[in-house]
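Data first, discussion second: the structure below is written as structure tokens.
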Amino acid sequence: HFTLEDADEMTAFAIDFKLAGVHYWSYDRDVDCPIGSASPTCNSLGGVGPHGFLARFIANGMN
């Protein structure tokens with residue numbers, strides 16, 4: 001699973017190496033579904049919140 005902590009590490013790497021940005025595979029799945037379930041319409045982590053990964057990338061400085 002790709003977690004919010006993974007997003008933190010990826011953002012730090014991108015900033016440290018002056019990458020133009022980061023992209024993730026599925027904006028449409030950046031919402032919660034029940035923990036552990038796989039779905040093409042949500043993430044399986046639970047507790048991340050609507051657009052939780054997007055919010056984390058922005059909070060970490062990736063605009």
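In the structure tokens, chains take the letters A, B, ... in the order shown, each chain's residues start at 1, and ligands count up from 1 in the order shown.
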
Review point. Using only C-alpha atoms, which residues sit within 9 Å of A:Asp8 once same-chain residues fewer than 3 positions away are excluded, as a PyMOL selection string?
Key: chain A and resi 3-5+11-13+56-57+60

Restrict the selected residues to N, CA and C atoms and save them as a short mmCIF file (atom, residue, chain, number, x, y, z; two decimals), in the first residue's frame.
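Okay, this is what ended up in selection-v9.cif:
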data_model
loop_
_atom_site.label_atom_id
_atom_site.label_comp_id
_atom_site.auth_asym_id
_atom_site.auth_seq_id
_atom_site.Cartn_x
_atom_site.Cartn_y
_atom_site.Cartn_z
N THR A 3 1.16 4.85 1.33
CA THR A 3 0.59 5.53 2.49
C THR A 3 0.89 7.03 2.45
N LEU A 4 0.30 7.76 3.39
CA LEU A 4 0.60 9.19 3.50
C LEU A 4 2.08 9.40 3.83
N GLU A 5 2.67 8.51 4.60
CA GLU A 5 4.10 8.61 4.90
C GLU A 5 4.94 8.41 3.65
N THR A 11 7.64 13.33 -1.71
CA THR A 11 7.69 14.78 -1.84
C THR A 11 9.06 15.30 -1.43
N ALA A 12 9.59 14.81 -0.32
CA ALA A 12 10.92 15.24 0.13
C ALA A 12 11.97 14.93 -0.93
N PHE A 13 11.90 13.76 -1.53
CA PHE A 13 12.83 13.38 -2.58
C PHE A 13 12.71 14.34 -3.76
N ARG A 56 -1.92 16.16 1.27
CA ARG A 56 -0.58 15.91 1.84
C ARG A 56 0.50 16.41 0.89
N PHE A 57 0.35 16.14 -0.42
CA PHE A 57 1.33 16.64 -1.38
C PHE A 57 1.40 18.16 -1.33
N ASN A 60 3.10 19.44 1.78
CA ASN A 60 4.54 19.20 1.74
C ASN A 60 5.26 20.09 0.74
#

Practice item. Enumerate as a PyMOL selection string all residues of chain A assigned to strand (DSSP E or B) by DSSP on the backbone, naming them with the chain letters and numbers the document uses. Key: chain A and resi 32+39+42-43

Point to revise | Exercise: A:Asp32 partners within 12 Å, only C-alpha atoms, chain neighbours under 4 positions left out, as a list in words | key: Asp28, Gly36, Ser37, Ala38, Ser39, Pro40, Thr41, Cys42, Asn43, Ser44, Leu45, Gly46, Gly47, Val48, Gly49, Pro50, His51, Gly52 and Phe53 of chain A

**Study point:** Point-to-point distance in Å for atom CA of A:Ile35 and atom CA of A:Gly61
**Key:** 27.9 Å

Review point. What does the distance between atom CA of A:Asp6 and atom CA of A:Pro34 come to in Å, to one decimal place?
Key: 20.0 Å

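Between atom CA of A:Asp30 and atom CA of A:Phe2 the interatomic distance comes to 11.5 Å.
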
Practice item. From a DSSP pass on the backbone, collect the residues of stretch 31-61 of chain A flagged as helix (DSSP H, G or I) and hand them back as a PyMOL selection string. Key: chain A and resi 52-59

Point to revise | Test item: residues at most 8 Å from A:Gly21, only C-alpha atoms, excluding those fewer than 5 positions along its chain, as a list in words | key: Ala14, Met62 and Asn63 of chain A

With N, CA and C atoms retained, export the selected residues as a compact mmCIF listing (two decimals), in the first residue's frame.
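The resulting file, again.txt, is reproduced below:
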# COMPACT_ATOMS: atom_id res chain seq x y z
N ALA A 14 11.48 14.63 -4.18
CA ALA A 14 11.26 15.52 -5.32
C ALA A 14 11.82 16.91 -5.05
N MET A 62 4.34 20.62 -2.69
CA MET A 62 4.19 20.32 -4.11
C MET A 62 2.89 20.94 -4.60
N ASN A 63 2.99 22.09 -5.20
CA ASN A 63 1.79 22.79 -5.70
C ASN A 63 1.57 22.52 -7.15
